[in-house]
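Read through the structure below, which is laid out as C-alpha cells, and then see the notes.
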Amino acid sequence: MKKIFSIIDIVLHEGLAAYKKVGSSASLPLILKASKKISIHKKGAIGVVRSKEDLSTSSGVKGYVVTSKETLLEDSFELSHWTPNVHNYLGYSDKERRHLKGHTETNLQQINTFVVDIDTKKQPYTEILTAALDHSVGIPTMVLETPKGFQVYFVLETPLFISNQNDYRGLKVAKRISENIRRSLAEVLQGVDLSCNDFGFFRMPSEENVRWFSDKMVFSMHNLIAWSKRQDDDQNRGLFVVESKGEAFDPTHAEWFQELLATRHVKGNSGQIGRDNLMYTLALACYSSGKGQGETLDLLDEYNSSLETPVRHSEVQKIVKSAYKGRFKGASQAYIQELLEAWLPGKSVPVTNHLGGWYKFKKERKDRVRSHYDEWEGDLLAYIQSETSTVQPIIWTTQSAVCEAVGIPRSTFNEVIRKSKKLLIKRIGKGRSAQTGLTSVAVLLQCALEYNQQHRALYYEAINLMNGSRENASALWELENQLTLLTKFSENQSLPGKKFNSS
C-alpha cells in the first residue's frame with residue numbers, strides 16, 4: 001500500500017485534497033496542515049470506475065467522483081480505472097448519481113501525465129523501457145500490465161495547468177506532445193494505440209499490475225516541448241509555443257505581418273529591398289512562431305501566386321529552405337521597417353516582433369568548420385546502436401574504420417571519447433593490428449534490462465573489459481547510476497550491478 005500511495009502522490013501532485021472533508025481518519029493536526037495548502041494549490045476532482053465495462057454503458061461512464069487522495073487510496077483496491085489528469089470539477093448526469101459528466105478535455109484543471117496504451121504482450125515491459133530510452137523521451141515513470149498489454153506513464157515534474165486562454169493553447173501543446181510520444185514508440189514497438197484518448201481513463205495502479213515504477217523518472221514540460229518540436233520538424237509541422245510567463249508572442253499574428261502579406265505590387269527592383277526580402281522576412285516570422293516548413297511553403301506559394309509579378313516556385317522553395325536553416329531566430333525589426341516604408345509608404349504600422357535584429361543561431365552543421373562535440377557524440381552513439389545487440393554488446397573494429405563510417409576526424413573522435421559520459425572504448429594492440437572495442441551506456445543498460453542466464457556472461461565480460469580503460473570512468477559511473485535506479489525500482493528482474501574501477 002505504501003507503494004501505491006507513492007504512485008498516487010507523484011502522479012496527482014497537489015491536484016486533489018489530501019484528506020476527506022468529512023469522516024477522515026487522519027489526525028486533526030495533519031488535516032489543518034493540509035488545509036493551509038488549499039489557498040496555494042487549487043483542488044480539483046478525478047473520475048474512477050470499478051470495471052472496464054463501466055466505461056461504456058448505454059448511459060455513459062458509470063463511476064463516481066473522487067476529490068481526496070485519502071478516498072482514492074482507500075478505494076484503490078476495488079477500482080479498475082481512473083483519470084490521472086485532474087479536472088476542475090466533475091458531476092453526475094443522473095439523479096441516482098451513478099454516471100459521470102464533466103470528464104472533457106476543456107474541463108481539465110491540470111495535466112499530470114502522458115499515458116501510452118500498448119495493446120499487445122508480444123514484447124516484455126523491459127523492451128518498452130529500452131525503447132523509450134533510445135527512441136523517445138526517456139525511461140517512463142511507470143509501466144502497468146493490463147489484461148491485453150501495457151500502459152506506460154510519463155509523469156510531469158510539475159503539472160501543466162490548463163486555461164481557456166488563446167483557445168486552450170496549453171492543451172493543444174500537450175496533445176501534440178502526447179501524439180509525438182506515441183508515434184516515437186510506435187516506430188519500434190508493436191501494439192501502440194495511436195488513437196487512444198490523450199487524457200481520459202486509464203488503468204488504476206495496484207500492487208499486482210505495476211511492473212515498473214521510479215519516482216526519479218519524471219519529465220519537465222520545457223524539455224518535452226523542446227523534444228516535441230524536434231519531432232515536429234521531421235514531419236514539417238509546427239508546435240504551439242507555451243511561455244512560462246505571460247502570453248506567447250506569435251509574429252504571424254502581428255499587424256506588420258498581415259499588412260506585408262496583403263501586398264500585391266511588390267517587385268524585385270535592383271537596389272531596392274523587394275520581393276525576395278519580403279518573402280524571406282515572412283518565412284522567418286513563420287519559423288520563429290513554430291510553423292512547419294511545409295505550412296510556410298504553402299503560405300508563401302499562395303502569396304507569390306497573388307503577386308502582380310511572381311517569381312518561380314523553385315525560388316519560393318529556396319527562400320523557405322534558407323529561412324528554416326536556423327541561422328536566425330526570426331525576422332529583423334530593421335528589415336520589417338524598411339519593407340513597410342518601401343511598399344506601404346505613409347501607412348503607420350507598429351513593428352513589435354520582440355527581436356530587434358538578426359539573432360544568430362548556430363550554423364547548419366554542414367556549414368560549420370567544426371561540428372559541436374554533442375553532435376559527434378550522437379553520431380557515434382547511433383553508429384554503435386546500429387552495430388551492436390544484447391548478444392554482441394561491443395563492436396570490434398579499427399579506429400580508422402569508425403572514423404570513416406561516421407565521418408569524424410580522428411582528433412575529434414579522441415576528444416569526444418575523452419569528454420563523453422555515454423561512450424565506452426577499449427583499445428587492444430598497436431599499429432595495423434590494433435583493434436578498438438566500442439559500446440555505450442545505453443547498449444549495456446539494454447543488456448542489463450534483458451538480463452537472464454543467457455546474457456549474464458556477456459554482460460559481465462563486457463563490463464570487465466571496459467573497466468580497464470581510464471577514459472571510461474565517467475561513462476561507467478553513469479551506467480552504475482542508471483543500474484542503481486533500475487535495481488531499486490524493478491519488481492520482476494534481478495538486475496546486475498557492479499562497482500566500477502576507473503583505473
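If you're wondering about the labels, chains in the C-alpha cells are A, B, ... by order shown, residues count from 1 in each chain, ligands from 1 in order shown.
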**Request:** Within 10 Å of A:Gly44, counting only C-alpha atoms, which residues show up once you throw out same-chain ones fewer than 4 positions away? Write them as a count of residues only, please.
**Result:** 16
Tell me which protein, DNA and RNA residues are within 12 Å of stretch 122-124 of chain A, counting only C-alpha atoms, leaving out same-chain ones fewer than 2 positions away, and put them as a PDB file with C-alpha atoms, in the first residue's frame.
```pdb
ATOM      1  CA  ILE A 118       0.034  -0.760 -25.784  1.00  0.00           C
ATOM      2  CA  ASP A 119      -2.428  -3.462 -26.840  1.00  0.00           C
ATOM      3  CA  THR A 120      -0.106  -6.458 -27.001  1.00  0.00           C
ATOM      4  CA  THR A 126      11.799  -4.290 -20.420  1.00  0.00           C
ATOM      5  CA  GLU A 127      11.709  -3.689 -24.176  1.00  0.00           C
ATOM      6  CA  ILE A 128       9.292  -0.834 -23.565  1.00  0.00           C
ATOM      7  CA  LEU A 129      11.780   0.722 -21.140  1.00  0.00           C
ATOM      8  CA  THR A 130      14.679   0.488 -23.571  1.00  0.00           C
ATOM      9  CA  ALA A 131      12.543   1.686 -26.495  1.00  0.00           C
ATOM     10  CA  VAL A 143       4.599   0.688 -16.613  1.00  0.00           C
ATOM     11  CA  LEU A 144       1.359  -1.120 -15.765  1.00  0.00           C
ATOM     12  CA  GLU A 145       0.415  -4.518 -17.124  1.00  0.00           C
ATOM     13  CA  LYS A 148      -4.068  -7.417 -23.077  1.00  0.00           C
ATOM     14  CA  GLY A 149      -0.899  -5.316 -22.878  1.00  0.00           C
ATOM     15  CA  PHE A 150       0.666  -2.418 -21.001  1.00  0.00           C
ATOM     16  CA  VAL A 188       9.882   0.439 -32.581  1.00  0.00           C
ATOM     17  CA  LEU A 189       7.160  -1.319 -30.558  1.00  0.00           C
ATOM     18  CA  GLN A 190       4.140  -3.374 -31.527  1.00  0.00           C
ATOM     19  CA  GLY A 191       0.601  -2.576 -30.466  1.00  0.00           C
ATOM     20  CA  VAL A 192       0.932   1.145 -29.633  1.00  0.00           C
ATOM     21  CA  ARG A 211       5.713  -3.764 -13.375  1.00  0.00           C
ATOM     22  CA  TRP A 212       7.944  -0.715 -13.172  1.00  0.00           C
ATOM     23  CA  LEU A 449      17.279  -4.861 -18.771  1.00  0.00           C
ATOM     24  CA  GLU A 450      17.111  -8.029 -20.822  1.00  0.00           C
ATOM     25  CA  ASN A 492      10.393  -8.682 -11.557  1.00  0.00           C
ATOM     26  CA  GLN A 493      14.057  -8.687 -12.506  1.00  0.00           C
TER      27      GLN A 493
END
```
**Prompt:** Residues of stretch 12-204 of chain A in strand (DSSP E) according to DSSP, as a ChimeraX atom specification?
**Reply:** /A:46-49,64-66,81-82,86-87,91-92,100-101,108-118,142-145,150-161,202-203
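Near A:Thr263, within 12 Å and counting only C-alpha atoms, sit A:Trp256, A:Phe257, A:Gln258, A:Glu259, A:Leu260, A:Val266, A:Lys267, A:Gly274, A:Arg275, A:Leu278, A:Met279, A:Tyr303, A:Asn304, A:Ser305, A:Ser306, A:Leu307, A:Glu308, A:Thr309, A:Leu339, A:Leu340, A:Ala342, A:Trp343, A:Leu344, A:Pro345; same-chain residues fewer than 3 positions away were not included.
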**Among the residues A:Ser59, A:Gln435, A:Thr141, A:Ser314, the one that comes closest to A:Phe213 [using only C-alpha atoms]** =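 Closest residue, counting only C-alpha atoms: A:Thr141.
Distances from A:Val441, A:Ala382, A:Val11, A:Val22 to A:Ser214 were compared using only C-alpha atoms, and the smallest one belongs to A:Val11.
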**Prompt:** Out of A:Gly60, A:Pro84, A:Gly170, A:Gly91, which residue has the shortest atom-to-atom distance to A:Tyr153 when counting only C-alpha atoms?
**Reply:**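 Checking each candidate against A:Tyr153, we get A:Pro84 as the closest.
Put simply, atom CA of A:Tyr383 is 24.0 Å away from atom CA of A:Lys229.
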**Message:** At a cut-off of 8 Å, using only C-alpha atoms, what residues contact A:Phe202? Leave out same-chain residues fewer than 5 positions from it and give the result as a PyMOL selection string.
**Reply:** chain A and resi 81-84+115+151
**Prompt:** Between A:Asn472, A:Ser6, A:Asn467, A:Asn164, which is the closest to A:Lys216 once you count only C-alpha atoms?
**Reply:**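 That would be A:Ser6, the residue with the smallest distance to A:Lys216.
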